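Peer 1: First the structure, then my questions, so here it is.
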Amino acid sequence: MRLFTVILTLLLLSPLALSSSTSPANSQSYEWDFLTQKFKINIIMEDTSNISLRRQGDVWILNMTIPYIAYSFYKEYPGGYRIGDNFTYLRYFITPNDTYVKKLSYILDNISKENGWDSLTEANFILTFVQNIPYVSDYSSTGFMDYYKFPLETLVEGGGDCEDKSLLLATILTILGYDVILFAMEIEYKGLYGHVAVGLNVEKKSGPFAIYLNDYYSYEEKDYYYMESTGEESLYLEQGGIKTLRYWVGVSPERAGAKITNLTFIPINGPHYEGYEGNAGYVEENVKSNTASWYPIYVLLLLVVYLPLFFLLVGKEKKKCPSCGHVIEEDFEYCPHCGYWLKPVLEPWNEERKKD
């Protein structure tokens, strides 16, 4: 059975097996409120690429069409890189060069400029957008306990978990020129949980949201303020009553009674996956090469090498006691289960044998 387990493990760790089976819907819609205004983003999967923004009173509506090739570009990324225990793998999923995440980021920035918001207000505006993207666990969407998604995958698939949403948030902010970092940690609150959030280096601590700048962690002589991407708020018990904690930039779960431990800083200014660029020549080449994928050949080679060994191991019959059928080892002299003598019975000693 050990060999069989090894075979299954090797197959499961192949890039083919680790590719998420999630099939996106034809469209996704995200809605949120911010400073008395309402916002709605409609993302539609089509063969064409279009984007439009309109305002109806206090309601902003953004329509984006994204070609399937842009989404499939990321789905072809080998799954073995998506479940690494090393948190530093996360930086490779920041994609500031992605054609469609850039378009979305610039539209959000244009809305901010239209309203005359300062940079900290804009950061909270973008944070609120990401917080309102549905939280979807990796296990329910991919079948794996931990599975990193690229930002465009999170948008097209309709949600993600804490690291997926944090990667999207960090990518948008990076595109717009903000200095951000990823926080990987464990949170103790009625249990121990792994968690990922974003840190923002706030250069101008002014504006209406400056009063919330409380929780930060210092890295390389810079203060990075906590950004909780998972959701807008938490309920907690204090002085006999239930209170609500709103997660603006600079507010961490510790204010709701949680404890952050084993904090790891993940800078994102190093090497990372370049991401989808619609005009890049490698995109077409990448798609063509994947039409005749080497993954099935890879799996077939594994089967050819390991399956004969597996059947050899399984096919080798165990020695059993002829009396009770209990499994025994080759060097047993008697059965430990029923006491049956297993060695050949010696013939009686007699004078004839002595003469021989």
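Chain labels A, B, ... are given in the sequence in which chains occur in the structure tokens; within each chain residues are numbered consecutively from 1, and ligands are likewise numbered from 1 in the order shown.
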Give me, as a ChimeraX atom specification, the residues of range 91-184 of chain A that a backbone DSSP run labels strand (DSSP E).
Peer 2: /A:180-184
Peer 1: Range 204-220 of chain A: which residues within 9 Å, counting only C-alpha atoms, same-chain residues fewer than 4 positions away excluded, as a CSV table (one decimal) with N, CA and C atoms, in the first residue's frame?
Peer 2:
chain,number,residue,atom,x,y,z
A,117,TRP,N,-10.8,62.4,-4.2
A,117,TRP,CA,-10.4,61.8,-3.0
A,117,TRP,C,-8.9,61.8,-2.9
A,118,ASP,N,-8.4,61.9,-1.7
A,118,ASP,CA,-6.9,61.8,-1.4
A,118,ASP,C,-6.5,60.3,-1.5
A,119,SER,N,-5.2,60.0,-1.5
A,119,SER,CA,-4.7,58.7,-1.7
A,119,SER,C,-5.2,57.7,-0.6
A,120,LEU,N,-5.3,58.1,0.6
A,120,LEU,CA,-5.7,57.2,1.7
A,120,LEU,C,-7.2,56.9,1.5
A,121,THR,N,-8.0,57.9,1.1
A,121,THR,CA,-9.4,57.6,0.8
A,121,THR,C,-9.5,56.6,-0.3
A,124,ASN,N,-8.9,53.1,0.8
A,124,ASN,CA,-10.0,52.5,1.5
A,124,ASN,C,-11.1,52.2,0.5
A,199,GLY,N,-0.2,45.0,3.7
A,199,GLY,CA,0.3,46.1,4.4
A,199,GLY,C,0.5,47.3,3.5
A,200,LEU,N,0.1,48.5,3.9
A,200,LEU,CA,0.2,49.7,3.1
A,200,LEU,C,1.1,50.7,3.7
A,224,TYR,N,4.0,49.7,7.7
A,224,TYR,CA,3.0,49.2,6.8
A,224,TYR,C,1.7,48.9,7.6
A,225,TYR,N,0.6,49.7,7.2
A,225,TYR,CA,-0.6,49.6,7.9
A,225,TYR,C,-1.5,48.5,7.4
A,226,TYR,N,-2.1,47.8,8.4
A,226,TYR,CA,-2.8,46.6,8.1
A,226,TYR,C,-4.0,46.9,7.2
A,247,TYR,N,-13.3,47.3,9.2
A,247,TYR,CA,-11.9,47.2,8.8
A,247,TYR,C,-11.5,48.2,7.7
A,248,TRP,N,-11.1,49.4,8.2
A,248,TRP,CA,-10.5,50.3,7.3
A,248,TRP,C,-8.9,50.1,7.3
A,249,VAL,N,-8.2,50.9,6.4
A,249,VAL,CA,-6.8,50.8,6.5
A,249,VAL,C,-6.3,51.2,7.8
A,250,GLY,N,-5.5,50.3,8.4
A,250,GLY,CA,-5.0,50.6,9.8
A,250,GLY,C,-5.7,49.9,10.9
A,251,VAL,N,-6.7,49.0,10.6
A,251,VAL,CA,-7.5,48.3,11.6
A,251,VAL,C,-7.2,46.8,11.4
A,252,SER,N,-6.8,46.2,12.4
A,252,SER,CA,-6.5,44.7,12.4
A,252,SER,C,-7.4,43.9,13.2
A,254,GLU,N,-6.9,42.2,15.7
A,254,GLU,CA,-6.6,42.3,17.2
A,254,GLU,C,-7.5,43.2,17.9
A,265,PHE,N,6.7,38.8,6.8
A,265,PHE,CA,6.6,39.8,5.8
A,265,PHE,C,7.0,39.3,4.4
Peer 1: Give me every helix (DSSP H, G or I) residue in range 192-307 of chain A, going by DSSP on the backbone, as a ChimeraX atom specification.
Peer 2: /A:210-212,253-256,281-291,295-307
Peer 1: With only C-alpha atoms as the atoms that count, which of A:Leu167, A:Val327, A:Val180, A:Leu192 lies nearest to Leu152 in chain A?
Peer 2: A:Leu167
Peer 1: For Val130 in chain A, which of A:Gly116, A:Gly231, A:Pro67, A:Gly177 is the closest residue, counting only C-alpha atoms?
Peer 2: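 Once distances to Val130 in chain A are computed over only C-alpha atoms, the minimum belongs to A:Gly231.
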Peer 1: Which distance in Å separates CA of Glu277 in chain A and CA of Ile69 in chain A, to one decimal?
Peer 2: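 Result for CA of Glu277 in chain A versus CA of Ile69 in chain A: 10.8 Å, one decimal.
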Peer 1: Would you kindly return, as number ranges by chain, each protein, DNA or RNA residue with an atom no farther than 6 Å from any atom of range 88-103 of chain A, considering only C-alpha atoms and excluding same-chain residues fewer than 3 positions away?
Peer 2: A: 106, 150, 167, 171, 175, 268, 272-277
Peer 1: Work out how far apart CA of Asn115 in chain A and CA of Asp58 in chain A are and give it in Å to one decimal.
Peer 2: 11.1 Å
Peer 1: Using only C-alpha atoms, which residue out of A:Gly158, A:Lys149, A:Pro267, A:Arg255 lies closest to Ser27 in chain A?
Peer 2: A:Gly158
Peer 1: Excluding range 182-190 of chain A and any residue of its chain fewer than 2 positions from it, enumerate the residues within 8 Å of it, using only C-alpha atoms, and give them as a list of chain:residue names.
Peer 2: A:Phe87, A:Ser166, A:Ala170, A:Val180, A:Leu192, A:Tyr193, A:Gly194, A:His195, A:Val196, A:Ala197, A:Val198, A:Gly199, A:Gly257, A:Ala258, A:Lys259, A:Ile260, A:Thr261, A:Asn262, A:Leu263, A:Thr264, A:Phe265, A:Ile266, A:Pro267, A:Ile268
Peer 1: Mind checking which residues fall within 9 Å of Glu153 in chain A, counting only C-alpha atoms, ignoring those fewer than 2 positions away in the same chain, and posting them as a tab-separated table (two decimals) with N, CA and C atoms, in the first residue's frame?
Peer 2:
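Below you can see out_12.tsv, which holds the result:
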chain	number	residue	atom	x	y	z
A	24	PRO	N	-15.59	29.02	-14.65
A	24	PRO	CA	-16.21	30.30	-14.32
A	24	PRO	C	-17.57	30.45	-14.98
A	71	TYR	N	-8.17	34.50	-19.27
A	71	TYR	CA	-8.40	33.65	-18.10
A	71	TYR	C	-7.66	32.33	-18.22
A	72	SER	N	-7.75	31.69	-19.39
A	72	SER	CA	-7.09	30.39	-19.57
A	72	SER	C	-5.58	30.50	-19.50
A	74	TYR	N	-3.91	31.94	-17.27
A	74	TYR	CA	-3.53	31.64	-15.89
A	74	TYR	C	-3.88	30.22	-15.49
A	75	LYS	N	-4.97	29.70	-16.01
A	75	LYS	CA	-5.37	28.34	-15.65
A	75	LYS	C	-4.35	27.31	-16.09
A	149	LYS	N	-4.57	31.61	-6.19
A	149	LYS	CA	-5.17	32.05	-7.44
A	149	LYS	C	-4.54	33.37	-7.88
A	150	PHE	N	-4.47	33.56	-9.20
A	150	PHE	CA	-4.06	34.84	-9.73
A	150	PHE	C	-5.22	35.83	-9.63
A	151	PRO	N	-4.93	37.13	-9.56
A	151	PRO	CA	-6.01	38.12	-9.41
A	151	PRO	C	-7.11	38.00	-10.44
A	155	LEU	N	-11.29	37.35	-9.92
A	155	LEU	CA	-12.34	38.19	-10.48
A	155	LEU	C	-13.30	37.39	-11.35
A	156	VAL	N	-12.76	36.54	-12.21
A	156	VAL	CA	-13.59	35.81	-13.17
A	156	VAL	C	-14.36	34.69	-12.48
A	157	GLU	N	-13.77	34.06	-11.47
A	157	GLU	CA	-14.42	32.93	-10.81
A	157	GLU	C	-15.39	33.35	-9.73
A	158	GLY	N	-15.44	34.62	-9.41
A	158	GLY	CA	-16.45	35.10	-8.47
A	158	GLY	C	-16.06	35.05	-7.02
A	159	GLY	N	-14.75	35.00	-6.72
A	159	GLY	CA	-14.34	35.05	-5.33
A	159	GLY	C	-13.10	34.25	-5.05
A	160	GLY	N	-12.67	34.32	-3.79
A	160	GLY	CA	-11.48	33.59	-3.35
A	160	GLY	C	-11.35	33.71	-1.85
A	164	ASP	N	-6.13	34.93	-1.84
A	164	ASP	CA	-6.55	35.30	-3.19
A	164	ASP	C	-7.00	36.76	-3.25
